[in-house]
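Asks: Dumping the structure here so I can ask a few things about it.
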Amino acid sequence: VRLLCSIALLIAGCGEAASTGAGGDFTFAVTSDPSPLGLGRNTLYIEVTADGAPVDGAQVEVDPEMPAHGHGSTESPQVEALGGGRYRAFPVTLHMPGHWVIGLHATKGDLAADDSIEVRLR
Ligand SMILES: [Cu+2]
């Protein structure tokens, strides 16, 4: 995942968030509101590109999980297309402190990609 400034700064600044390896036909660039991600409801803005070109019409899913606890979020994020390859996911609800992995999935026709963001909340 290619993280834009706000999350990238969080990674550089305190090491509490990190992206895992990109895989597939698309690249994800993610920003959040609030930034950095916090306890409770967050909004993710996800820019999906393929070879630098924005990808509209993709099916995008966002899946927050706590691997150490074996559970997901209390709410399912709804993803809305904004145009220009941008998508908004809300609510991305991180309802307890700890280690979260937010899965990102996109498909369009025969193309697909998976990625994730790791966050440690105190
Ligand atoms: Cu938990």
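Labels for the structure tokens follow display order: chains A, B, ..., residues from 1 in each chain, ligands from 1.
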Contacts of A:Leu104 at 10 Å or less, counting only C-alpha atoms, minus same-chain residues fewer than 2 places along, as a list in words?

Replies: Val1, Ala22, Phe28, Val30, Ile46, Val60, Glu61, Val62, Asp63, Pro64, Val101, Ile102, Ala106, Ala113, Asp114, Asp115, Ser116 and Ile117 of chain A

Asks: Return as a ChimeraX atom specification every polymer residue, whether protein, DNA or RNA, with at least one atom no more than 12 Å from an atom of ligand 1; count only C-alpha atoms and all ligand atoms.

Replies: /A:39,64-74,93-101,120-121

Asks: Extract, using only C-alpha atoms, all DNA, RNA and protein residues at most 9 Å from A:Leu111, discarding same-chain residues fewer than 4 positions from it, and format them as a list in words.

Replies: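 Returned residues: Gly24, Asp25, Phe26, Ala106 and Thr107 of chain A.
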
Asks: Could you pull out the strand (DSSP E or B) residues of stretch 55-118 of chain A, going by DSSP on the backbone, and write them as an MDAnalysis selection string?

Replies: chainID A and resid 59:66 71:72 78:83 86:94 98:108 111:118

Asks: According to DSSP computed on the backbone, where in chain A is there helix (DSSP H, G or I)? Give the residues as a ChimeraX atom specification.

Replies: /A:5-14

Asks: Atom CA of A:Gly38 to atom CA of A:Ser76: how many Å, to one decimal?

Replies: 16.6 Å

Asks: Do you know which residues are at most 8 Å from A:Lys108 counting only C-alpha atoms, after dropping those on the same chain fewer than 5 positions away, and could you put them as a list of chain:residue names?

Replies: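 Close residues of A:Lys108: A:Gly57, A:Ala58, A:Gln59.
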
Asks: Export, as a PDB file, in the first residue's frame, the selected residues with all heavy atoms.

Replies:
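Written output follows (result.pdb):
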ATOM      1  N   GLY A  57     -15.238   2.258 -10.873  1.00  0.00           N
ATOM      2  CA  GLY A  57     -16.072   1.092 -11.102  1.00  0.00           C
ATOM      3  C   GLY A  57     -15.577  -0.168 -10.443  1.00  0.00           C
ATOM      4  O   GLY A  57     -16.058  -1.265 -10.753  1.00  0.00           O
ATOM      5  N   ALA A  58     -14.635  -0.033  -9.512  1.00  0.00           N
ATOM      6  CA  ALA A  58     -14.143  -1.206  -8.794  1.00  0.00           C
ATOM      7  C   ALA A  58     -15.062  -1.521  -7.619  1.00  0.00           C
ATOM      8  O   ALA A  58     -15.738  -0.639  -7.076  1.00  0.00           O
ATOM      9  CB  ALA A  58     -12.715  -0.972  -8.291  1.00  0.00           C
ATOM     10  N   GLN A  59     -15.078  -2.792  -7.254  1.00  0.00           N
ATOM     11  CA  GLN A  59     -15.736  -3.217  -6.020  1.00  0.00           C
ATOM     12  C   GLN A  59     -14.676  -3.173  -4.927  1.00  0.00           C
ATOM     13  O   GLN A  59     -13.699  -3.934  -4.979  1.00  0.00           O
ATOM     14  CB  GLN A  59     -16.282  -4.637  -6.180  1.00  0.00           C
ATOM     15  CG  GLN A  59     -17.093  -5.148  -5.016  1.00  0.00           C
ATOM     16  CD  GLN A  59     -18.513  -4.603  -5.031  1.00  0.00           C
ATOM     17  OE1 GLN A  59     -19.033  -4.233  -6.071  1.00  0.00           O
ATOM     18  NE2 GLN A  59     -19.124  -4.541  -3.868  1.00  0.00           N
TER      19      GLN A  59
END

Asks: Would you pick out the contacts of A:Asn42 at 9 Å or less, using only C-alpha atoms, so that residues sharing its chain but fewer than 6 positions from it are not included, and give the list as a VMD selection string?

Replies: chain A and resid 32 to 35 89 to 94

Asks: Deliver the residues from the most recent selection as a file, using N, CA, C and O atoms, as a PDB file, in the first residue's frame.

Replies:
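Saved file selection_13.pdb follows:
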ATOM      1  N   SER A  32      -6.814   9.018   6.080  1.00  0.00           N
ATOM      2  CA  SER A  32      -7.886   8.784   7.037  1.00  0.00           C
ATOM      3  C   SER A  32      -8.337  10.081   7.675  1.00  0.00           C
ATOM      4  O   SER A  32      -7.615  11.073   7.706  1.00  0.00           O
ATOM      5  N   ASP A  33      -9.566  10.043   8.179  1.00  0.00           N
ATOM      6  CA  ASP A  33     -10.116  11.115   8.997  1.00  0.00           C
ATOM      7  C   ASP A  33     -10.782  10.457  10.188  1.00  0.00           C
ATOM      8  O   ASP A  33     -11.765   9.752   9.991  1.00  0.00           O
ATOM      9  N   PRO A  34     -10.317  10.624  11.435  1.00  0.00           N
ATOM     10  CA  PRO A  34      -9.157  11.457  11.756  1.00  0.00           C
ATOM     11  C   PRO A  34      -7.856  10.813  11.300  1.00  0.00           C
ATOM     12  O   PRO A  34      -7.816   9.638  10.955  1.00  0.00           O
ATOM     13  N   SER A  35      -6.798  11.614  11.322  1.00  0.00           N
ATOM     14  CA  SER A  35      -5.463  11.129  11.020  1.00  0.00           C
ATOM     15  C   SER A  35      -4.532  11.571  12.141  1.00  0.00           C
ATOM     16  O   SER A  35      -4.422  12.760  12.403  1.00  0.00           O
ATOM     17  N   ALA A  89     -14.674   4.915   2.703  1.00  0.00           N
ATOM     18  CA  ALA A  89     -15.189   3.831   3.542  1.00  0.00           C
ATOM     19  C   ALA A  89     -15.526   4.387   4.921  1.00  0.00           C
ATOM     20  O   ALA A  89     -14.708   5.031   5.568  1.00  0.00           O
ATOM     21  N   PHE A  90     -16.770   4.121   5.358  1.00  0.00           N
ATOM     22  CA  PHE A  90     -17.249   4.578   6.657  1.00  0.00           C
ATOM     23  C   PHE A  90     -18.382   3.682   7.109  1.00  0.00           C
ATOM     24  O   PHE A  90     -19.205   3.301   6.270  1.00  0.00           O
ATOM     25  N   PRO A  91     -18.510   3.333   8.361  1.00  0.00           N
ATOM     26  CA  PRO A  91     -17.567   3.627   9.431  1.00  0.00           C
ATOM     27  C   PRO A  91     -16.506   2.525   9.538  1.00  0.00           C
ATOM     28  O   PRO A  91     -16.847   1.348   9.579  1.00  0.00           O
ATOM     29  N   VAL A  92     -15.257   2.932   9.591  1.00  0.00           N
ATOM     30  CA  VAL A  92     -14.174   1.993   9.900  1.00  0.00           C
ATOM     31  C   VAL A  92     -13.986   2.086  11.413  1.00  0.00           C
ATOM     32  O   VAL A  92     -13.284   2.959  11.916  1.00  0.00           O
ATOM     33  N   THR A  93     -14.690   1.208  12.099  1.00  0.00           N
ATOM     34  CA  THR A  93     -14.809   1.321  13.549  1.00  0.00           C
ATOM     35  C   THR A  93     -13.788   0.437  14.248  1.00  0.00           C
ATOM     36  O   THR A  93     -13.840  -0.793  14.130  1.00  0.00           O
ATOM     37  N   LEU A  94     -12.857   1.083  14.935  1.00  0.00           N
ATOM     38  CA  LEU A  94     -11.822   0.385  15.713  1.00  0.00           C
ATOM     39  C   LEU A  94     -12.223   0.559  17.173  1.00  0.00           C
ATOM     40  O   LEU A  94     -11.989   1.598  17.770  1.00  0.00           O
TER      41      LEU A  94
END

Asks: Using only C-alpha atoms for the distances, tell me which of A:Arg86, A:Thr43, A:Val55, A:Leu37 is nearest to A:Arg122.

Replies: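 Checking each candidate against A:Arg122, we get A:Leu37 as the closest.
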